[in-house]
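Student: Handing over protein-v5.csv, CSV, C-alpha atoms.
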```csv
chain,number,residue,atom,x,y,z
O,23,MET,CA,-23.5,-17.0,46.0
O,24,SER,CA,-22.1,-20.5,45.7
O,25,ALA,CA,-23.3,-20.8,42.1
O,26,LEU,CA,-21.9,-17.3,41.3
O,27,SER,CA,-18.5,-18.3,42.8
O,28,ASP,CA,-18.4,-21.4,40.6
O,29,GLN,CA,-19.2,-19.3,37.5
O,30,LEU,CA,-16.6,-16.7,38.3
O,31,LEU,CA,-14.0,-19.4,38.6
O,32,VAL,CA,-14.6,-20.3,34.9
O,33,VAL,CA,-14.4,-16.6,34.0
O,34,ALA,CA,-11.1,-16.2,35.8
O,35,ILE,CA,-9.7,-19.3,34.1
O,36,PHE,CA,-10.6,-17.9,30.7
O,37,ALA,CA,-9.1,-14.5,31.6
O,38,TYR,CA,-5.8,-16.2,32.5
O,39,LEU,CA,-6.0,-18.2,29.3
O,40,ILE,CA,-6.3,-15.1,27.3
O,41,ALA,CA,-3.4,-13.6,29.2
O,42,MET,CA,-1.3,-16.6,28.4
O,43,ILE,CA,-2.2,-16.4,24.7
O,44,CYS,CA,-1.3,-12.7,24.6
O,45,HIS,CA,2.0,-13.3,26.3
O,46,ALA,CA,2.7,-16.1,23.8
O,47,VAL,CA,1.9,-13.7,20.9
O,48,GLU,CA,4.2,-11.0,22.3
O,49,ALA,CA,7.0,-13.6,22.7
O,50,GLY,CA,6.6,-14.9,19.2
O,51,PHE,CA,6.0,-11.6,17.3
O,52,GLY,CA,7.2,-8.9,19.6
O,53,ASN,CA,10.5,-7.0,19.8
O,54,ARG,CA,13.3,-9.3,18.9
O,55,ARG,CA,15.5,-8.0,21.6
O,56,THR,CA,14.5,-9.2,25.0
O,57,ALA,CA,14.5,-7.2,28.2
O,58,GLY,CA,17.3,-9.3,29.5
O,59,GLU,CA,19.7,-9.0,26.6
O,60,PRO,CA,21.2,-5.6,27.3
O,61,ALA,CA,21.9,-6.5,30.9
O,62,ARG,CA,23.4,-9.8,29.8
O,63,GLU,CA,25.7,-8.1,27.3
O,64,LEU,CA,26.8,-5.5,29.9
O,65,ALA,CA,27.3,-8.3,32.5
O,66,THR,CA,29.5,-10.2,30.0
O,67,VAL,CA,31.6,-7.1,29.4
O,68,THR,CA,31.9,-6.4,33.1
O,69,ALA,CA,33.0,-9.9,33.8
O,70,GLY,CA,35.5,-9.8,31.0
O,71,THR,CA,37.0,-6.5,32.0
O,72,ALA,CA,37.3,-7.8,35.6
O,73,GLY,CA,39.6,-10.5,34.2
O,74,THR,CA,37.6,-13.5,35.2
O,75,THR,CA,38.4,-16.6,33.3
O,76,GLY,CA,37.4,-20.2,33.3
O,77,ALA,CA,36.0,-23.0,31.3
O,78,ALA,CA,32.5,-22.6,29.8
O,79,GLY,CA,31.3,-25.7,31.6
O,80,GLU,CA,32.4,-24.2,35.0
O,81,THR,CA,30.1,-21.2,34.8
O,82,ASP,CA,26.7,-21.4,36.5
O,83,GLY,CA,25.0,-19.4,33.9
O,84,ALA,CA,24.3,-16.3,36.0
O,85,ALA,CA,25.8,-13.5,33.9
O,86,GLY,CA,28.1,-11.3,35.8
O,87,GLU,CA,28.5,-13.7,38.7
O,88,ILE,CA,32.0,-13.3,40.1
O,89,ASP,CA,33.3,-15.5,42.9
O,90,GLY,CA,29.8,-16.8,43.7
O,91,ALA,CA,28.2,-13.4,44.1
O,92,ALA,CA,25.8,-12.2,41.4
O,93,ALA,CA,26.8,-8.7,40.2
O,94,GLU,CA,24.1,-7.2,38.1
O,95,PRO,CA,25.4,-4.2,36.2
O,96,THR,CA,23.5,-0.9,36.0
O,97,PRO,CA,21.9,-0.6,32.6
O,98,PRO,CA,22.2,2.6,30.6
O,99,ALA,CA,19.3,4.9,30.1
O,100,GLY,CA,16.8,3.5,27.6
O,101,THR,CA,17.1,-0.1,28.8
O,102,ARG,CA,15.3,-2.1,31.4
O,103,ARG,CA,14.1,0.1,34.3
O,104,ASP,CA,14.3,3.4,32.5
O,105,ALA,CA,12.3,2.0,29.6
O,106,GLY,CA,9.4,1.2,32.0
O,107,TRP,CA,6.2,0.4,30.1
O,108,GLN,CA,7.2,2.5,27.0
O,109,SER,CA,8.4,-0.6,25.1
O,110,VAL,CA,5.3,-2.7,25.8
O,111,GLY,CA,3.4,-3.6,22.6
O,112,LEU,CA,-0.4,-4.1,22.2
O,113,ALA,CA,-0.2,-7.8,23.0
O,114,GLY,CA,1.8,-7.1,26.2
O,115,TRP,CA,-0.8,-4.6,27.3
O,116,PHE,CA,-3.6,-7.1,26.6
O,117,ALA,CA,-1.7,-9.8,28.5
O,118,VAL,CA,-1.2,-7.6,31.6
O,119,GLY,CA,-4.8,-6.4,31.4
O,120,ALA,CA,-6.2,-9.9,31.1
O,121,THR,CA,-4.1,-11.0,34.1
O,122,ALA,CA,-5.4,-8.1,36.2
O,123,LEU,CA,-9.0,-8.8,35.2
O,124,GLY,CA,-8.5,-12.5,36.0
O,125,ALA,CA,-7.1,-11.6,39.4
O,126,LEU,CA,-10.1,-9.3,40.1
O,127,VAL,CA,-12.6,-12.0,39.1
O,128,HIS,CA,-10.5,-14.5,41.1
O,129,LEU,CA,-10.8,-12.4,44.2
O,130,VAL,CA,-14.6,-12.0,43.8
O,131,CYS,CA,-14.8,-15.7,43.3
O,132,LEU,CA,-13.2,-16.2,46.7
O,133,VAL,CA,-15.3,-13.5,48.4
O,134,THR,CA,-18.6,-14.9,47.2
O,135,ARG,CA,-17.5,-18.4,48.2
O,136,GLY,CA,-16.8,-17.1,51.7
O,137,ILE,CA,-20.1,-15.3,51.9
O,138,ALA,CA,-21.9,-18.4,50.8
O,139,ALA,CA,-20.0,-20.5,53.4
O,140,GLU,CA,-20.2,-17.8,56.1
O,141,ARG,CA,-16.6,-18.4,56.9
O,142,LEU,CA,-13.1,-17.7,55.6
O,143,PRO,CA,-12.9,-19.4,52.2
O,144,TRP,CA,-10.1,-21.9,52.7
O,145,GLY,CA,-11.7,-24.8,54.6
O,146,ASN,CA,-10.9,-27.5,52.1
O,147,MET,CA,-8.4,-28.3,49.3
O,148,TYR,CA,-10.5,-26.7,46.6
O,149,GLU,CA,-10.8,-23.4,48.4
O,150,TYR,CA,-7.1,-23.6,49.5
O,151,VAL,CA,-5.9,-23.9,45.9
O,152,LEU,CA,-8.1,-21.0,44.9
O,153,ALA,CA,-6.6,-18.9,47.8
O,154,ILE,CA,-2.9,-19.7,47.2
O,155,THR,CA,-3.2,-19.1,43.4
O,156,PHE,CA,-4.8,-15.7,44.1
O,157,VAL,CA,-1.9,-14.8,46.4
O,158,GLY,CA,0.5,-15.8,43.7
O,159,VAL,CA,-1.1,-13.8,40.9
O,160,ALA,CA,-1.6,-10.8,43.1
O,161,SER,CA,2.1,-10.9,44.1
O,162,TRP,CA,3.0,-11.2,40.4
O,163,LEU,CA,0.9,-8.1,39.4
O,164,VAL,CA,2.6,-6.0,42.2
O,165,MET,CA,6.0,-7.3,41.0
O,166,VAL,CA,5.5,-6.6,37.3
O,167,ALA,CA,4.1,-3.1,38.1
O,168,ARG,CA,7.4,-2.3,39.9
O,169,ARG,CA,9.7,-4.1,37.4
O,170,PRO,CA,8.1,-4.1,33.9
O,171,PRO,CA,11.0,-5.9,32.3
O,172,LEU,CA,10.0,-9.0,34.1
O,173,ARG,CA,6.7,-9.1,32.1
O,174,PRO,CA,7.8,-12.0,29.8
O,175,LEU,CA,7.6,-14.3,32.8
O,176,GLY,CA,3.8,-13.7,32.7
O,177,LEU,CA,3.4,-16.4,30.1
O,178,PHE,CA,4.5,-19.0,32.6
O,179,VAL,CA,2.6,-17.4,35.6
O,180,ALA,CA,-0.6,-17.5,33.5
O,181,LEU,CA,0.1,-21.1,32.5
O,182,VAL,CA,0.4,-22.1,36.2
O,183,MET,CA,-2.8,-20.3,37.0
O,184,VAL,CA,-4.8,-22.0,34.2
O,185,ALA,CA,-3.4,-25.4,35.2
O,186,LEU,CA,-4.0,-25.1,39.0
O,187,LEU,CA,-7.4,-23.5,38.7
O,188,GLY,CA,-8.5,-26.0,36.1
O,189,LEU,CA,-7.4,-28.8,38.3
O,190,ALA,CA,-9.2,-27.3,41.3
O,191,GLY,CA,-12.5,-26.9,39.4
O,192,LEU,CA,-12.4,-30.3,37.7
O,193,VAL,CA,-10.8,-32.5,40.4
O,194,PHE,CA,-10.9,-30.8,43.8
O,195,TYR,CA,-14.3,-29.1,43.7
O,196,THR,CA,-16.1,-29.6,47.0
O,197,PRO,CA,-19.6,-28.4,47.8
O,198,ILE,CA,-19.8,-25.9,50.6
O,199,THR,CA,-20.0,-27.6,54.0
O,200,PRO,CA,-19.6,-26.3,57.6
O,201,LEU,CA,-16.2,-26.5,59.2
O,202,VAL,CA,-15.4,-29.6,61.1
O,203,PRO,CA,-15.0,-29.1,64.9
O,204,ALA,CA,-11.2,-29.3,64.7
O,205,LEU,CA,-11.1,-26.2,62.5
O,206,GLN,CA,-13.5,-24.1,64.6
O,207,SER,CA,-10.9,-22.0,66.3
O,208,TYR,CA,-9.3,-18.5,65.9
O,209,TRP,CA,-6.1,-20.4,64.9
O,210,TYR,CA,-8.0,-21.3,61.7
O,211,ALA,CA,-7.6,-17.7,60.5
O,212,ILE,CA,-4.0,-17.4,61.8
O,213,HIS,CA,-2.4,-20.7,60.7
O,214,VAL,CA,-4.2,-21.3,57.4
O,215,SER,CA,-3.9,-17.7,56.2
O,216,THR,CA,-0.2,-17.6,56.8
O,217,ILE,CA,0.5,-21.0,55.3
O,218,MET,CA,-1.7,-19.9,52.3
O,219,ALA,CA,0.2,-16.6,51.9
O,220,SER,CA,3.6,-18.2,52.2
O,221,SER,CA,2.6,-21.0,49.8
O,222,GLY,CA,1.4,-18.4,47.2
O,223,VAL,CA,4.7,-16.5,47.4
O,224,LEU,CA,6.8,-19.7,47.2
O,225,LEU,CA,4.6,-20.9,44.3
O,226,LEU,CA,5.4,-17.6,42.5
O,227,GLY,CA,9.1,-18.0,43.4
O,228,SER,CA,9.2,-21.3,41.6
O,229,VAL,CA,8.6,-19.6,38.2
O,230,PRO,CA,11.8,-17.5,38.1
O,231,ALA,CA,13.7,-20.4,39.7
O,232,ALA,CA,12.8,-22.7,36.8
O,233,MET,CA,13.3,-20.0,34.2
O,234,PHE,CA,16.7,-19.1,35.7
O,235,LEU,CA,17.9,-22.7,35.2
O,236,LEU,CA,16.7,-22.6,31.6
O,237,ARG,CA,18.0,-19.1,30.9
O,238,SER,CA,21.4,-19.8,32.3
O,239,GLY,CA,21.7,-22.8,30.0
O,240,TYR,CA,20.6,-20.6,27.1
O,241,GLU,CA,23.2,-18.0,27.9
O,242,ASN,CA,25.8,-20.7,27.9
O,243,GLY,CA,25.0,-21.6,24.3
O,244,ARG,CA,22.4,-24.3,24.7
O,245,ARG,CA,19.7,-23.9,22.0
O,246,GLY,CA,17.7,-27.1,22.2
O,247,PHE,CA,14.5,-27.8,24.1
O,248,PRO,CA,13.7,-26.7,26.8
O,249,TYR,CA,16.3,-23.9,26.8
O,250,LEU,CA,14.7,-22.0,23.9
O,251,LEU,CA,11.7,-21.4,26.2
O,252,ALA,CA,13.9,-18.9,28.0
O,253,LYS,CA,15.0,-17.0,24.9
O,254,ARG,CA,12.9,-13.9,25.7
O,255,VAL,CA,12.9,-13.9,29.5
O,256,PRO,CA,15.1,-11.5,31.5
O,257,ALA,CA,18.8,-12.2,32.1
O,258,ALA,CA,19.7,-15.1,34.3
O,259,VAL,CA,21.2,-12.8,37.0
O,260,SER,CA,17.9,-10.9,37.3
O,261,LEU,CA,15.9,-14.1,37.5
O,262,GLU,CA,18.2,-15.5,40.2
O,263,ARG,CA,17.9,-12.4,42.3
O,264,LEU,CA,14.1,-12.4,42.0
O,265,THR,CA,14.1,-16.1,43.0
O,266,PHE,CA,16.0,-15.3,46.2
O,267,GLY,CA,13.9,-12.2,47.0
O,268,LEU,CA,10.6,-14.1,46.8
O,269,HIS,CA,12.0,-17.0,48.9
O,270,ALA,CA,13.4,-14.6,51.4
O,271,ILE,CA,9.9,-13.2,51.9
O,272,GLY,CA,8.0,-16.5,51.8
O,273,PHE,CA,10.2,-18.5,54.1
O,274,PRO,CA,9.8,-16.5,57.3
O,275,VAL,CA,6.0,-16.5,56.9
O,276,PHE,CA,6.1,-20.2,56.2
O,277,THR,CA,8.1,-20.7,59.4
O,278,PHE,CA,5.6,-18.7,61.4
O,279,ALA,CA,2.8,-20.8,59.9
O,280,VAL,CA,4.4,-24.1,60.9
O,281,ILE,CA,4.9,-22.8,64.5
O,282,ALA,CA,1.3,-21.5,64.6
O,283,GLY,CA,0.1,-25.0,63.4
O,284,ALA,CA,2.0,-26.6,66.2
O,285,ILE,CA,0.4,-24.3,68.8
O,286,TRP,CA,-3.0,-25.0,67.3
O,287,ALA,CA,-2.4,-28.8,67.3
O,288,GLU,CA,-1.6,-28.5,71.1
O,289,HIS,CA,-5.0,-26.9,71.6
O,290,ALA,CA,-6.9,-29.2,69.3
O,291,TRP,CA,-5.2,-32.6,69.7
O,292,SER,CA,-3.3,-32.2,73.0
O,293,ARG,CA,0.1,-32.4,71.3
O,294,PRO,CA,2.1,-29.9,69.2
O,295,TRP,CA,3.7,-32.5,66.9
O,296,ALA,CA,2.9,-36.1,66.1
O,297,TRP,CA,4.7,-36.6,62.8
O,298,ASP,CA,1.4,-36.7,61.0
O,299,PRO,CA,2.1,-36.9,57.2
O,300,LYS,CA,1.1,-33.3,56.6
O,301,GLU,CA,3.3,-32.1,59.5
O,302,THR,CA,6.2,-34.3,58.2
O,303,TRP,CA,6.1,-33.0,54.7
O,304,ALA,CA,5.8,-29.4,56.0
O,305,PHE,CA,9.0,-30.0,58.0
O,306,ILE,CA,10.7,-31.5,54.9
O,307,SER,CA,9.8,-28.4,52.9
O,308,TRP,CA,11.0,-26.1,55.7
O,309,VAL,CA,14.4,-27.9,55.9
O,310,ILE,CA,14.8,-27.8,52.1
O,311,TYR,CA,13.9,-24.1,51.8
O,312,ALA,CA,16.3,-23.3,54.8
O,313,GLY,CA,18.9,-25.3,52.9
O,314,TYR,CA,18.3,-23.1,49.8
O,315,LEU,CA,18.7,-19.9,51.7
O,316,HIS,CA,21.8,-21.2,53.3
O,317,ALA,CA,23.3,-22.3,50.0
O,318,ARG,CA,22.3,-19.0,48.4
O,319,ALA,CA,24.3,-17.2,51.1
O,320,THR,CA,27.3,-19.4,50.7
O,321,PRO,CA,29.8,-18.0,48.1
O,322,SER,CA,31.3,-21.4,47.4
O,323,ILE,CA,28.0,-22.9,46.2
O,324,ARG,CA,27.0,-22.2,42.6
O,325,ARG,CA,23.8,-20.4,42.0
O,326,THR,CA,22.4,-23.1,39.8
O,327,THR,CA,23.0,-25.6,42.6
O,328,ALA,CA,21.2,-23.4,45.1
O,329,THR,CA,18.3,-22.9,42.7
O,330,TRP,CA,17.9,-26.6,42.2
O,331,ILE,CA,17.4,-26.8,45.9
O,332,ALA,CA,14.6,-24.2,45.7
O,333,VAL,CA,12.9,-26.2,42.9
O,334,LEU,CA,13.1,-29.3,45.1
O,335,GLY,CA,11.5,-27.4,47.9
O,336,PHE,CA,8.6,-26.5,45.6
O,337,LEU,CA,8.1,-30.1,44.6
O,338,THR,CA,7.8,-31.0,48.3
O,339,MET,CA,5.2,-28.3,48.7
O,340,LEU,CA,3.2,-29.8,45.9
O,341,MET,CA,3.5,-33.2,47.6
O,342,ASN,CA,2.3,-31.7,50.8
O,343,LEU,CA,-0.7,-30.1,49.1
O,344,PHE,CA,-1.8,-32.8,46.8
O,345,GLY,CA,0.1,-36.1,47.5
O,346,VAL,CA,-0.6,-36.2,51.3
O,347,ASN,CA,-4.3,-35.7,50.8
O,348,PHE,CA,-4.6,-38.4,48.2
O,349,PHE,CA,-2.1,-41.1,49.2
O,350,PHE,CA,-1.9,-40.9,53.0
O,351,GLU,CA,-4.3,-41.1,56.0
O,352,SER,CA,-3.8,-38.0,57.9
O,353,LEU,CA,-5.4,-35.9,60.7
O,354,HIS,CA,-5.5,-33.2,58.0
O,355,SER,CA,-7.5,-35.4,55.6
O,356,TYR,CA,-10.6,-33.3,56.1
O,357,ALA,CA,-9.0,-30.6,54.0
```
Before anything else, please render the file you have as structure tokens.
Tutor:
Amino acid sequence: MSALSDQLLVVAIFAYLIAMICHAVEAGFGNRRTAGEPARELATVTAGTAGTTGAAGETDGAAGEIDGAAAEPTPPAGTRRDAGWQSVGLAGWFAVGATALGALVHLVCLVTRGIAAERLPWGNMYEYVLAITFVGVASWLVMVARRPPLRPLGLFVALVMVALLGLAGLVFYTPITPLVPALQSYWYAIHVSTIMASSGVLLLGSVPAAMFLLRSGYENGRRGFPYLLAKRVPAAVSLERLTFGLHAIGFPVFTFAVIAGAIWAEHAWSRPWAWDPKETWAFISWVIYAGYLHARATPSIRRTTATWIAVLGFLTMLMNLFGVNFFFESLHSYA
């Protein structure tokens, strides 16, 4: 089972790579009108008829944003939601199919790893990366099934999957070993599963956050690198709303996971909090994500400013996942 899991990881990486290539083909040779353009044009008209004025440098790039609140207009029939999957070309279908196949193989890879280890398959950093990436790609498939116009983001989701799974297989791979005594608790399932689920959703949320910043620049007339990467993604207002939605889901779960970790620490180490590097960086991430949600709910704060806070929060999550394990001595170093 362990060898089968290792082989399935390679298959999953290749499936995501094929999906990434198909998304790139669709972006380069597909329909010249992107899914976001009709909404952007309508938003521009809506903003103009509302009488909003201002210097170009003072806009935050979210089309239709008036007085700090994103106003996404309802598209006419034949665009965006009403179009559904009817406008998807062959490359787009192959991209979504390859992503779904990769996710299925990814799941079986995790299951066989768990069967071989006779435990839940997230006992070390290798398994943890496999788990959070699966949560991310599964969430993406659900999201794109509900909102097909978001499909162009699949290029960047597949890129993240290939990069993280390749890093896990080449750098973080760990042979199967029994859990250390500190992890042999029912809190292992509760704490690690919730931190994994929230990390996967926040990982996915970083994709539309980054693309919103690029798309808003593109809509403001910037045509150099890297803004051209956002030429065919949905409108900035849609990306910003998606970013907020994913963070609004992931943050409460992340909060529960931190609390569960403190309770587990009380049982395992006789103290709920000791400013261990892993705990400290989890707290830093929590504060930054709370700051993002607060900034997003504050009308006077520009949406680009709030989104930069979300991107910073994701960077602290990466530091917690990779940096702490490599650069600090921690009670969590066994992971």
Student: Out of O:Met23, O:Met339, O:Leu189, O:Val346, which residue has the shortest atom-to-atom distance to Ala139 in chain O when counting only C-alpha atoms?
Tutor: O:Met23
Student: Rounded to one decimal place, report the CA of Leu205 in chain O-CA of Val193 in chain O distance in Å.
Tutor: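 Computing the Euclidean distance for CA of Leu205 in chain O and CA of Val193 in chain O yields 23.0 Å.
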Student: Please tell me which residues are no farther than 12 Å from (6.9, -19.5, 58.2) in the file, counting all atoms listed in the file, and write them as number ranges by chain.
Tutor: O: 212-221, 223-224, 269-284, 304-305, 307-309, 311-312
Student: Output C-alpha atoms of each residue in that selection to a file, as a PDB file, keeping the file's coordinate frame.
Tutor:
```pdb
ATOM      1  CA  ILE O 212      -4.000 -17.400  61.800  1.00  0.00           C
ATOM      2  CA  HIS O 213      -2.400 -20.700  60.700  1.00  0.00           C
ATOM      3  CA  VAL O 214      -4.200 -21.300  57.400  1.00  0.00           C
ATOM      4  CA  SER O 215      -3.900 -17.700  56.200  1.00  0.00           C
ATOM      5  CA  THR O 216      -0.200 -17.600  56.800  1.00  0.00           C
ATOM      6  CA  ILE O 217       0.500 -21.000  55.300  1.00  0.00           C
ATOM      7  CA  MET O 218      -1.700 -19.900  52.300  1.00  0.00           C
ATOM      8  CA  ALA O 219       0.200 -16.600  51.900  1.00  0.00           C
ATOM      9  CA  SER O 220       3.600 -18.200  52.200  1.00  0.00           C
ATOM     10  CA  SER O 221       2.600 -21.000  49.800  1.00  0.00           C
ATOM     11  CA  VAL O 223       4.700 -16.500  47.400  1.00  0.00           C
ATOM     12  CA  LEU O 224       6.800 -19.700  47.200  1.00  0.00           C
ATOM     13  CA  HIS O 269      12.000 -17.000  48.900  1.00  0.00           C
ATOM     14  CA  ALA O 270      13.400 -14.600  51.400  1.00  0.00           C
ATOM     15  CA  ILE O 271       9.900 -13.200  51.900  1.00  0.00           C
ATOM     16  CA  GLY O 272       8.000 -16.500  51.800  1.00  0.00           C
ATOM     17  CA  PHE O 273      10.200 -18.500  54.100  1.00  0.00           C
ATOM     18  CA  PRO O 274       9.800 -16.500  57.300  1.00  0.00           C
ATOM     19  CA  VAL O 275       6.000 -16.500  56.900  1.00  0.00           C
ATOM     20  CA  PHE O 276       6.100 -20.200  56.200  1.00  0.00           C
ATOM     21  CA  THR O 277       8.100 -20.700  59.400  1.00  0.00           C
ATOM     22  CA  PHE O 278       5.600 -18.700  61.400  1.00  0.00           C
ATOM     23  CA  ALA O 279       2.800 -20.800  59.900  1.00  0.00           C
ATOM     24  CA  VAL O 280       4.400 -24.100  60.900  1.00  0.00           C
ATOM     25  CA  ILE O 281       4.900 -22.800  64.500  1.00  0.00           C
ATOM     26  CA  ALA O 282       1.300 -21.500  64.600  1.00  0.00           C
ATOM     27  CA  GLY O 283       0.100 -25.000  63.400  1.00  0.00           C
ATOM     28  CA  ALA O 284       2.000 -26.600  66.200  1.00  0.00           C
ATOM     29  CA  ALA O 304       5.800 -29.400  56.000  1.00  0.00           C
ATOM     30  CA  PHE O 305       9.000 -30.000  58.000  1.00  0.00           C
ATOM     31  CA  SER O 307       9.800 -28.400  52.900  1.00  0.00           C
ATOM     32  CA  TRP O 308      11.000 -26.100  55.700  1.00  0.00           C
ATOM     33  CA  VAL O 309      14.400 -27.900  55.900  1.00  0.00           C
ATOM     34  CA  TYR O 311      13.900 -24.100  51.800  1.00  0.00           C
ATOM     35  CA  ALA O 312      16.300 -23.300  54.800  1.00  0.00           C
TER      36      ALA O 312
END
```
Student: Please provide as number ranges by chain all residues within 9 Å of Leu236 in chain O, with the sequence filter that same-chain residues fewer than 4 positions apart are discarded (counting only C-alpha atoms).
Tutor: O: 231-232, 240-241, 248-253, 258
Student: Show me, as number ranges by chain, the residues that have an atom within 9 Å of Val118 in chain O when counting only C-alpha atoms, minus same-chain residues fewer than 2 positions from it.
Tutor: O: 41, 44-45, 113-116, 120-123, 163, 166, 173, 176
Student: Rounded to one decimal, what separation in Å do you get between CA of Ala138 in chain O and CA of Ser24 in chain O?
Tutor: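 Distance reported for this atom pair: 5.5 Å.
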Student: Of the candidates O:Ile310, O:Lys300, O:Thr320, O:Gly111, which one gets nearest to Phe350 in chain O if we count only C-alpha atoms?
Tutor: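 Ranked by minimum distance to Phe350 in chain O, first place goes to O:Lys300.
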Student: Between O:Phe194, O:Phe336, O:Trp295, O:Phe36, which has the minimum distance to Tyr150 in chain O (counting only C-alpha atoms)?
Tutor: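 Nearest to Tyr150 in chain O: O:Phe194.
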Student: Counting all atoms listed in the file, select every polymer residue within 6 Å of (-8.5, -32.1, 66.3) as defined in the file's coordinates, and provide the selection as a VMD selection string.
Tutor: chain O and resid 204 290 to 291
Student: Please produce a file of the residues just selected, as a PDB file, in the coordinates of the input, where the atoms kept are C-alpha atoms.
Tutor:
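Done, and the output landed in result.pdb:
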```pdb
ATOM      1  CA  ALA O 204     -11.200 -29.300  64.700  1.00  0.00           C
ATOM      2  CA  ALA O 290      -6.900 -29.200  69.300  1.00  0.00           C
ATOM      3  CA  TRP O 291      -5.200 -32.600  69.700  1.00  0.00           C
TER       4      TRP O 291
END
```
Student: What does the distance from CA of Val159 in chain O to CA of Val179 in chain O come to in Å, to one decimal?
Tutor: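 Distance between the two atoms: 7.4 Å.
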Student: Between O:Ile323, O:Leu315, O:Leu142, O:Leu235, single out the one closest to Gly335 in chain O, counting all atoms listed in the file.
Tutor: O:Leu315
Student: Which residues are close to Val33 in chain O, i.e. within 12 Å by all atoms listed in the file, leaving aside same-chain residues fewer than 5 positions away? Reply as a PDB file with C-alpha atoms, keeping the file's coordinate frame.
Tutor:
```
ATOM      1  CA  LEU O  26     -21.900 -17.300  41.300  1.00  0.00           C
ATOM      2  CA  SER O  27     -18.500 -18.300  42.800  1.00  0.00           C
ATOM      3  CA  ASP O  28     -18.400 -21.400  40.600  1.00  0.00           C
ATOM      4  CA  TYR O  38      -5.800 -16.200  32.500  1.00  0.00           C
ATOM      5  CA  LEU O  39      -6.000 -18.200  29.300  1.00  0.00           C
ATOM      6  CA  ILE O  40      -6.300 -15.100  27.300  1.00  0.00           C
ATOM      7  CA  ALA O 120      -6.200  -9.900  31.100  1.00  0.00           C
ATOM      8  CA  THR O 121      -4.100 -11.000  34.100  1.00  0.00           C
ATOM      9  CA  LEU O 123      -9.000  -8.800  35.200  1.00  0.00           C
ATOM     10  CA  GLY O 124      -8.500 -12.500  36.000  1.00  0.00           C
ATOM     11  CA  ALA O 125      -7.100 -11.600  39.400  1.00  0.00           C
ATOM     12  CA  LEU O 126     -10.100  -9.300  40.100  1.00  0.00           C
ATOM     13  CA  VAL O 127     -12.600 -12.000  39.100  1.00  0.00           C
ATOM     14  CA  HIS O 128     -10.500 -14.500  41.100  1.00  0.00           C
ATOM     15  CA  LEU O 129     -10.800 -12.400  44.200  1.00  0.00           C
ATOM     16  CA  VAL O 130     -14.600 -12.000  43.800  1.00  0.00           C
ATOM     17  CA  CYS O 131     -14.800 -15.700  43.300  1.00  0.00           C
ATOM     18  CA  VAL O 184      -4.800 -22.000  34.200  1.00  0.00           C
ATOM     19  CA  LEU O 187      -7.400 -23.500  38.700  1.00  0.00           C
ATOM     20  CA  GLY O 188      -8.500 -26.000  36.100  1.00  0.00           C
ATOM     21  CA  GLY O 191     -12.500 -26.900  39.400  1.00  0.00           C
TER      22      GLY O 191
END
```
Student: For Leu343 in chain O, list every protein, DNA or RNA residue within 9 Å, evaluated using all atoms listed in the file, and leave out those in the same chain fewer than 5 positions away; present the list as a list in words.
Tutor: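 These residues fall inside the cut-off: Met147, Val151, Lys300 and Thr338 of chain O.
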Student: Can you list, as a VMD selection string, every protein, DNA or RNA residue that comes within 8 Å of Ser228 in chain O when you count all atoms listed in the file, leaving out same-chain residues fewer than 6 positions away?
Tutor: chain O and resid 265 332 to 333 336
Student: Under the rule that all atoms listed in the file are counted, which of O:Leu132, O:Ala153, O:Val229, O:Ile137 is the nearest residue to Ala180 in chain O?
Tutor: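 Closest residue, counting all atoms listed in the file: O:Val229.
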